[in-house]
$ cat protein.pdb   # PDB, C-alpha atoms and all ligand atoms
ATOM      1  CA  MET A   1       0.000   0.000   0.000
ATOM      2  CA  HIS A   2       2.748   2.433   0.994
ATOM      3  CA  GLY A   3       5.842   1.919  -1.148
ATOM      4  CA  ASP A   4       8.285   2.920   1.600
ATOM      5  CA  GLU A   5       7.048   0.190   3.966
ATOM      6  CA  PRO A   6       8.934  -2.815   2.560
ATOM      7  CA  ALA A   7       8.575  -5.232   5.488
ATOM      8  CA  ALA A   8       4.885  -5.646   4.643
ATOM      9  CA  PRO A   9       5.112  -7.437   1.259
ATOM     10  CA  VAL A  10       8.274  -9.314   2.285
ATOM     11  CA  ALA A  11       6.531 -10.558   5.427
ATOM     12  CA  LEU A  12       3.521 -11.689   3.408
ATOM     13  CA  LEU A  13       5.814 -13.733   1.159
ATOM     14  CA  ALA A  14       7.562 -15.172   4.227
ATOM     15  CA  ALA A  15       4.183 -16.054   5.765
ATOM     16  CA  CYS A  16       3.282 -17.969   2.593
ATOM     17  CA  GLN A  17       6.619 -19.804   2.642
ATOM     18  CA  GLN A  18       6.208 -20.669   6.333
ATOM     19  CA  GLY A  19       2.734 -22.144   5.870
ATOM     20  CA  VAL A  20       0.775 -19.565   7.855
ATOM     21  CA  PHE A  21      -2.082 -19.834   5.376
ATOM     22  CA  ASP A  22      -3.065 -23.454   5.861
ATOM     23  CA  ASP A  23      -5.938 -25.437   4.393
ATOM     24  CA  ARG A  24      -8.415 -24.681   7.184
ATOM     25  CA  ALA A  25      -9.558 -21.504   5.454
ATOM     26  CA  THR A  26      -9.759 -19.776   2.097
ATOM     27  CA  TRP A  27      -7.257 -16.931   1.869
ATOM     28  CA  PHE A  28      -7.335 -13.824  -0.280
ATOM     29  CA  LEU A  29      -3.883 -12.256  -0.483
ATOM     30  CA  VAL A  30      -3.202  -8.854  -2.009
ATOM     31  CA  PRO A  31       0.591  -8.605  -1.865
ATOM     32  CA  MET A  32       1.181  -5.234  -3.467
ATOM     33  CA  ILE A  33      -1.331  -2.514  -4.261
ATOM     34  CA  ASN A  34       1.253   0.192  -4.951
ATOM     35  CA  PRO A  35       3.974  -1.239  -7.239
ATOM     36  CA  THR A  36       5.004   2.162  -8.658
ATOM     37  CA  GLY A  37       5.503   3.537  -5.144
ATOM     38  CA  PHE A  38       7.375   0.404  -4.077
ATOM     39  CA  SER A  39       9.862   0.653  -6.945
ATOM     40  CA  ARG A  40      10.445   4.331  -6.048
ATOM     41  CA  HIS A  41      10.649   3.639  -2.275
ATOM     42  CA  GLN A  42       7.958   6.261  -1.705
ATOM     43  CA  ARG A  43       4.687   6.304   0.235
ATOM     44  CA  ASP A  44       2.449   7.577  -2.571
ATOM     45  CA  ASN A  45       1.989   6.045  -6.002
ATOM     46  CA  ALA A  46       3.891   7.447  -8.996
ATOM     47  CA  THR A  47       1.317  10.199  -9.486
ATOM     48  CA  GLY A  48       1.510  11.352  -5.873
ATOM     49  CA  ILE A  49      -1.693   9.823  -4.500
ATOM     50  CA  ASP A  50      -1.706   8.291  -1.012
ATOM     51  CA  LEU A  51      -3.652   5.160  -1.913
ATOM     52  CA  ASN A  52      -4.551   4.564   1.718
ATOM     53  CA  ARG A  53      -6.661   7.741   1.738
ATOM     54  CA  ASP A  54      -8.411   6.998  -1.540
ATOM     55  CA  TYR A  55     -10.993   4.306  -0.720
ATOM     56  CA  LEU A  56     -13.897   6.742  -0.727
ATOM     57  CA  SER A  57     -12.961   9.005  -3.652
ATOM     58  CA  LEU A  58     -11.442   6.165  -5.753
ATOM     59  CA  LYS A  59      -9.214   8.530  -7.754
ATOM     60  CA  ALA A  60      -6.302   6.131  -8.217
ATOM     61  CA  PRO A  61      -6.500   3.288 -10.773
ATOM     62  CA  GLU A  62      -4.774   0.953  -8.281
ATOM     63  CA  VAL A  63      -7.543   1.515  -5.719
ATOM     64  CA  ARG A  64     -10.313   1.338  -8.321
ATOM     65  CA  SER A  65      -9.058  -2.035  -9.530
ATOM     66  CA  HIS A  66      -8.593  -3.280  -5.952
ATOM     67  CA  VAL A  67     -12.180  -2.276  -5.111
ATOM     68  CA  ALA A  68     -13.482  -3.859  -8.332
ATOM     69  CA  TRP A  69     -11.743  -7.098  -7.318
ATOM     70  CA  LEU A  70     -13.051  -6.875  -3.743
ATOM     71  CA  ARG A  71     -16.612  -6.524  -5.002
ATOM     72  CA  ARG A  72     -16.307  -9.950  -6.613
ATOM     73  CA  GLN A  73     -15.187 -11.608  -3.364
ATOM     74  CA  PRO A  74     -17.259 -12.935  -0.445
ATOM     75  CA  ARG A  75     -17.188 -11.314   2.980
ATOM     76  CA  PHE A  76     -14.039 -12.028   4.982
ATOM     77  CA  ASP A  77     -14.069 -13.396   8.545
ATOM     78  CA  LEU A  78     -10.928 -11.383   9.232
ATOM     79  CA  ALA A  79      -9.015  -8.762   7.240
ATOM     80  CA  VAL A  80      -5.441  -7.763   8.052
ATOM     81  CA  CYS A  81      -3.541  -4.820   6.530
ATOM     82  CA  LEU A  82       0.245  -4.637   6.919
ATOM     83  CA  HIS A  83       1.934  -1.250   7.301
ATOM     84  CA  GLU A  84       5.052   0.355   8.734
ATOM     85  CA  ASP A  85       5.549   3.586  10.676
ATOM     86  CA  TRP A  86       8.806   5.525  10.256
ATOM     87  CA  GLU A  87       8.091   7.589  13.383
ATOM     88  CA  ALA A  88       7.518   4.610  15.680
ATOM     89  CA  VAL A  89      10.150   2.636  17.568
ATOM     90  CA  GLY A  90       7.789  -0.194  18.499
ATOM     91  CA  PHE A  91       5.043  -2.406  17.074
ATOM     92  CA  TYR A  92       1.419  -1.376  17.448
ATOM     93  CA  HIS A  93      -1.837  -2.254  15.757
ATOM     94  CA  TYR A  94      -5.278  -0.924  14.989
ATOM     95  CA  GLU A  95      -8.401  -2.978  15.543
ATOM     96  CA  LEU A  96     -11.815  -2.351  13.997
ATOM     97  CA  SER A  97     -14.325  -4.869  15.274
ATOM     98  CA  ARG A  98     -18.062  -5.144  15.751
ATOM     99  CA  GLN A  99     -17.418  -7.648  18.548
ATOM    100  CA  ILE A 100     -14.400  -6.622  20.606
ATOM    101  CA  ASP A 101     -12.578  -9.492  22.310
ATOM    102  CA  PRO A 102      -9.657  -7.808  24.073
ATOM    103  CA  GLY A 103      -7.858 -11.144  24.458
ATOM    104  CA  PHE A 104      -7.531 -11.474  20.702
ATOM    105  CA  SER A 105      -5.551  -8.281  20.249
ATOM    106  CA  ARG A 106      -3.525  -8.932  23.398
ATOM    107  CA  GLN A 107      -2.362 -12.258  21.944
ATOM    108  CA  ILE A 108      -1.184 -10.446  18.816
ATOM    109  CA  ARG A 109       0.626  -7.824  20.897
ATOM    110  CA  ALA A 110       2.329 -10.500  23.019
ATOM    111  CA  THR A 111       3.513 -12.341  19.920
ATOM    112  CA  ALA A 112       4.916  -9.197  18.294
ATOM    113  CA  ALA A 113       6.660  -8.325  21.566
ATOM    114  CA  GLU A 114       8.879 -11.394  21.129
ATOM    115  CA  TYR A 115      10.555  -9.606  18.214
ATOM    116  CA  LEU A 116      10.020  -5.858  18.691
ATOM    117  CA  PRO A 117       9.304  -3.440  21.516
ATOM    118  CA  ILE A 118       5.662  -2.399  21.807
ATOM    119  CA  GLU A 119       5.159   1.252  20.963
ATOM    120  CA  ALA A 120       4.745   3.250  24.166
ATOM    121  CA  GLY A 121       2.567   6.288  24.771
ATOM    122  CA  GLU A 122      -1.011   7.314  25.289
ATOM    123  CA  VAL A 123      -1.188   8.707  21.768
ATOM    124  CA  ILE A 124       0.299   6.958  18.714
ATOM    125  CA  ASP A 125       0.315   8.544  15.269
ATOM    126  CA  GLY A 126      -2.117  11.166  16.558
ATOM    127  CA  ARG A 127      -4.659   8.664  17.878
ATOM    128  CA  PRO A 128      -5.310   7.781  21.528
ATOM    129  CA  VAL A 129      -4.547   4.186  22.436
ATOM    130  CA  ASP A 130      -7.250   1.945  23.858
ATOM    131  CA  GLU A 131      -4.633  -0.006  25.761
ATOM    132  CA  PRO A 132      -0.832  -0.117  25.328
ATOM    133  CA  GLY A 133       0.028  -0.585  21.660
ATOM    134  CA  ILE A 134      -3.604  -1.133  20.604
ATOM    135  CA  ILE A 135      -5.694   1.553  18.917
ATOM    136  CA  ARG A 136      -9.410   1.100  18.334
ATOM    137  CA  PRO A 137     -10.127   4.167  16.199
ATOM    138  CA  GLU A 138     -13.360   5.853  15.232
ATOM    139  CA  SER A 139     -14.874   3.321  12.877
ATOM    140  CA  ASP A 140     -17.902   5.190  11.556
ATOM    141  CA  PRO A 141     -17.049   5.713   7.891
ATOM    142  CA  ALA A 142     -19.485   8.624   7.752
ATOM    143  CA  LEU A 143     -17.132  10.563  10.010
ATOM    144  CA  ARG A 144     -14.115   9.948   7.776
ATOM    145  CA  GLU A 145     -13.418  12.245   4.841
ATOM    146  CA  HIS A 146     -10.622  10.090   3.427
ATOM    147  CA  TRP A 147     -11.055   6.345   3.745
ATOM    148  CA  PRO A 148      -8.095   4.076   4.298
ATOM    149  CA  GLU A 149      -8.335   0.503   3.048
ATOM    150  CA  ALA A 150      -9.236  -0.767   6.536
ATOM    151  CA  ILE A 151     -12.273   1.511   6.788
ATOM    152  CA  TYR A 152     -13.442   0.350   3.366
ATOM    153  CA  LEU A 153     -12.955  -3.298   4.353
ATOM    154  CA  PHE A 154     -14.771  -2.759   7.651
ATOM    155  CA  ARG A 155     -17.642  -0.976   5.917
ATOM    156  CA  HIS A 156     -18.128  -3.450   3.089
ATOM    157  CA  HIS A 157     -16.288  -6.729   3.623
ATOM    158  CA  SER A 158     -15.554  -7.738   7.199
ATOM    159  CA  ASP A 159     -16.637  -7.328  10.826
ATOM    160  CA  HIS A 160     -13.047  -7.536  12.011
ATOM    161  CA  CYS A 161     -10.148  -5.590  10.475
ATOM    162  CA  LEU A 162      -6.637  -5.309  11.872
ATOM    163  CA  THR A 163      -3.806  -3.051  10.746
ATOM    164  CA  PHE A 164      -0.307  -3.973  11.906
ATOM    165  CA  GLU A 165       2.338  -1.237  12.089
ATOM    166  CA  THR A 166       5.989  -2.203  12.360
ATOM    167  CA  PRO A 167       8.599   0.462  13.215
ATOM    168  CA  SER A 168      10.823   1.330  10.225
ATOM    169  CA  PRO A 169      13.845   2.291  12.418
ATOM    170  CA  GLN A 170      14.136  -1.293  13.698
ATOM    171  CA  ALA A 171      16.033  -4.019  11.812
ATOM    172  CA  MET A 172      14.233  -5.397   8.754
ATOM    173  CA  PRO A 173      14.482  -9.086   9.822
ATOM    174  CA  ASP A 174      12.804  -8.258  13.138
ATOM    175  CA  ARG A 175      10.023  -6.323  11.394
ATOM    176  CA  ILE A 176       9.413  -9.247   9.039
ATOM    177  CA  ALA A 177       9.491 -11.813  11.844
ATOM    178  CA  ALA A 178       7.114  -9.761  14.002
ATOM    179  CA  ASN A 179       4.668  -9.402  11.121
ATOM    180  CA  VAL A 180       4.730 -13.126  10.293
ATOM    181  CA  ALA A 181       4.336 -14.114  13.934
ATOM    182  CA  ALA A 182       1.526 -11.625  14.564
ATOM    183  CA  LEU A 183      -0.229 -12.704  11.383
ATOM    184  CA  SER A 184       0.132 -16.343  12.352
ATOM    185  CA  THR A 185      -1.230 -15.669  15.848
ATOM    186  CA  ALA A 186      -4.196 -13.727  14.465
ATOM    187  CA  CYS A 187      -5.077 -16.433  11.943
ATOM    188  CA  ARG A 188      -4.669 -19.296  14.413
ATOM    189  CA  ALA A 189      -6.659 -17.511  17.108
ATOM    190  CA  TYR A 190      -9.431 -16.842  14.626
ATOM    191  CA  LEU A 191      -9.512 -20.402  13.325
ATOM    192  CA  ASP A 192      -9.567 -21.772  16.877
ATOM    193  CA  LEU A 193     -12.587 -19.576  17.628
ATOM    194  CA  SER A 194     -14.599 -20.638  14.611
TER     195      SER A 194
HETATM  196 ZN    ZN B 201       1.381   2.557   5.592
END
$ encode --input "protein.pdb" --output "structure tokens" --more "lines below"
Ligand SMILES: [Zn+2]
Amino acid sequence: MHGDEPAAPVALLAACQQGVFDDRATWFLVPMINPTGFSRHQRDNATGIDLNRDYLSLKAPEVRSHVAWLRRQPRFDLAVCLHEDWEAVGFYHYELSRQIDPGFSRQIRATAAEYLPIEAGEVIDGRPVDEPGIIRPESDPALREHWPEAIYLFRHHSDHCLTFETPSPQAMPDRIAANVAALSTACRAYLDLS
């Protein structure tokens, strides 16, 4: 999604190689929405659009084609978006859920903490935390002028959307490992519930 957040697509590939996506579920993987930004190591796409603010206006062709694809898919039990934060020194994640189970997100946080510090502070990236390292932001799409992917997914495709944020200043292998482990924990916890 953001071309200067390389641990995300690399971690998704590693998760595939490590068998995170097993045969107990059907998986829909979108490894790279912003290839022109990725090749330029920049957040926006080549024409300067932040794709993760475009899911309401649908200006960018990448987002339009992603949305067109999504409309052909069933609802998802769980949706996870992988991002990085260059201002953070620790892992944190966002949770949008219509049925909050605090234990679920705490398991993810504990897993990530084996590889990275958990981002400290009452406010992270301008948003108040719900508990350390976990942000449950305003989820009413009507109150959002610019929709990120997660808001779109929560509005149209899933009752449970997570966004992982790994800290860019930390070592790449740790960011990848934390993402894979957190993804694995989220998927396993979800499959054990259902
Ligand atoms: Zn991002």
$ residues_around --input "protein.pdb" --residues "Leu51 (chain A)" --least-positions-apart "6" --cutoff "8 Å" --atoms "all atoms listed in the file" --output "ChimeraX atom specification"
/A:1-2,34,44-45,60,62-63,148
$ closest_residue --input "protein.pdb" --among "A:Pro6, A:Gly103, A:Pro169, A:Gly19" --to "ligand ZN 201 (chain B)" --atoms "all atoms listed in the file"
A:Pro6
$ closest_residue --input "protein.pdb" --among "A:Ala171, A:Ala8, A:Cys187, A:Leu193" --to "Asp23 (chain A)" --atoms "only C-alpha atoms"
A:Cys187
$ residues_around --input "protein.pdb" --residues "Tyr190 (chain A)" --least-positions-apart "4" --cutoff "10 Å" --atoms "only C-alpha atoms" --output "list in words"
Asp77, Leu78, Phe104, Ser184, Thr185, Ala186 and Ser194 of chain A
$ residues_near_ligand --input "protein.pdb" --ligand "ligand ZN 201 (chain B)" --cutoff "9 Å" --atoms "all atoms listed in the file" --output "MDAnalysis selection string"
chainID A and resid 1:5 8 43 52 81:85 165
$ build_atoms --input "protein.pdb" --residues "region 39-50 of chain A" --atoms "N, CA, C and O atoms" --output "PDB file, in the coordinates of the input"
ATOM      1  N   SER A  39       8.621   0.583  -6.170  1.00  0.00           N
ATOM      2  CA  SER A  39       9.862   0.653  -6.945  1.00  0.00           C
ATOM      3  C   SER A  39      10.568   1.994  -6.751  1.00  0.00           C
ATOM      4  O   SER A  39      11.770   2.093  -6.955  1.00  0.00           O
ATOM      5  N   ARG A  40       9.842   3.024  -6.323  1.00  0.00           N
ATOM      6  CA  ARG A  40      10.445   4.331  -6.048  1.00  0.00           C
ATOM      7  C   ARG A  40      10.755   4.531  -4.566  1.00  0.00           C
ATOM      8  O   ARG A  40      11.206   5.593  -4.164  1.00  0.00           O
ATOM      9  N   HIS A  41      10.458   3.538  -3.743  1.00  0.00           N
ATOM     10  CA  HIS A  41      10.649   3.639  -2.275  1.00  0.00           C
ATOM     11  C   HIS A  41       9.918   4.845  -1.709  1.00  0.00           C
ATOM     12  O   HIS A  41      10.439   5.556  -0.852  1.00  0.00           O
ATOM     13  N   GLN A  42       8.711   5.105  -2.201  1.00  0.00           N
ATOM     14  CA  GLN A  42       7.958   6.261  -1.705  1.00  0.00           C
ATOM     15  C   GLN A  42       6.558   5.824  -1.257  1.00  0.00           C
ATOM     16  O   GLN A  42       6.014   4.834  -1.729  1.00  0.00           O
ATOM     17  N   ARG A  43       6.001   6.629  -0.352  1.00  0.00           N
ATOM     18  CA  ARG A  43       4.687   6.304   0.235  1.00  0.00           C
ATOM     19  C   ARG A  43       3.582   6.306  -0.829  1.00  0.00           C
ATOM     20  O   ARG A  43       2.788   5.374  -0.938  1.00  0.00           O
ATOM     21  N   ASP A  44       3.524   7.401  -1.592  1.00  0.00           N
ATOM     22  CA  ASP A  44       2.449   7.577  -2.571  1.00  0.00           C
ATOM     23  C   ASP A  44       2.722   6.756  -3.828  1.00  0.00           C
ATOM     24  O   ASP A  44       3.827   6.255  -4.041  1.00  0.00           O
ATOM     25  N   ASN A  45       1.729   6.671  -4.706  1.00  0.00           N
ATOM     26  CA  ASN A  45       1.989   6.045  -6.002  1.00  0.00           C
ATOM     27  C   ASN A  45       2.751   7.033  -6.890  1.00  0.00           C
ATOM     28  O   ASN A  45       3.082   8.149  -6.475  1.00  0.00           O
ATOM     29  N   ALA A  46       3.043   6.628  -8.123  1.00  0.00           N
ATOM     30  CA  ALA A  46       3.891   7.447  -8.996  1.00  0.00           C
ATOM     31  C   ALA A  46       3.274   8.808  -9.296  1.00  0.00           C
ATOM     32  O   ALA A  46       3.996   9.768  -9.599  1.00  0.00           O
ATOM     33  N   THR A  47       1.956   8.909  -9.207  1.00  0.00           N
ATOM     34  CA  THR A  47       1.317  10.199  -9.486  1.00  0.00           C
ATOM     35  C   THR A  47       1.036  11.000  -8.218  1.00  0.00           C
ATOM     36  O   THR A  47       0.319  11.998  -8.249  1.00  0.00           O
ATOM     37  N   GLY A  48       1.592  10.552  -7.093  1.00  0.00           N
ATOM     38  CA  GLY A  48       1.510  11.352  -5.873  1.00  0.00           C
ATOM     39  C   GLY A  48       0.254  11.171  -5.051  1.00  0.00           C
ATOM     40  O   GLY A  48      -0.055  11.997  -4.198  1.00  0.00           O
ATOM     41  N   ILE A  49      -0.476  10.075  -5.280  1.00  0.00           N
ATOM     42  CA  ILE A  49      -1.693   9.823  -4.500  1.00  0.00           C
ATOM     43  C   ILE A  49      -1.371   8.858  -3.355  1.00  0.00           C
ATOM     44  O   ILE A  49      -0.744   7.814  -3.578  1.00  0.00           O
ATOM     45  N   ASP A  50      -1.787   9.229  -2.139  1.00  0.00           N
ATOM     46  CA  ASP A  50      -1.706   8.291  -1.012  1.00  0.00           C
ATOM     47  C   ASP A  50      -2.874   7.328  -1.149  1.00  0.00           C
ATOM     48  O   ASP A  50      -4.030   7.671  -0.863  1.00  0.00           O
TER      49      ASP A  50
END
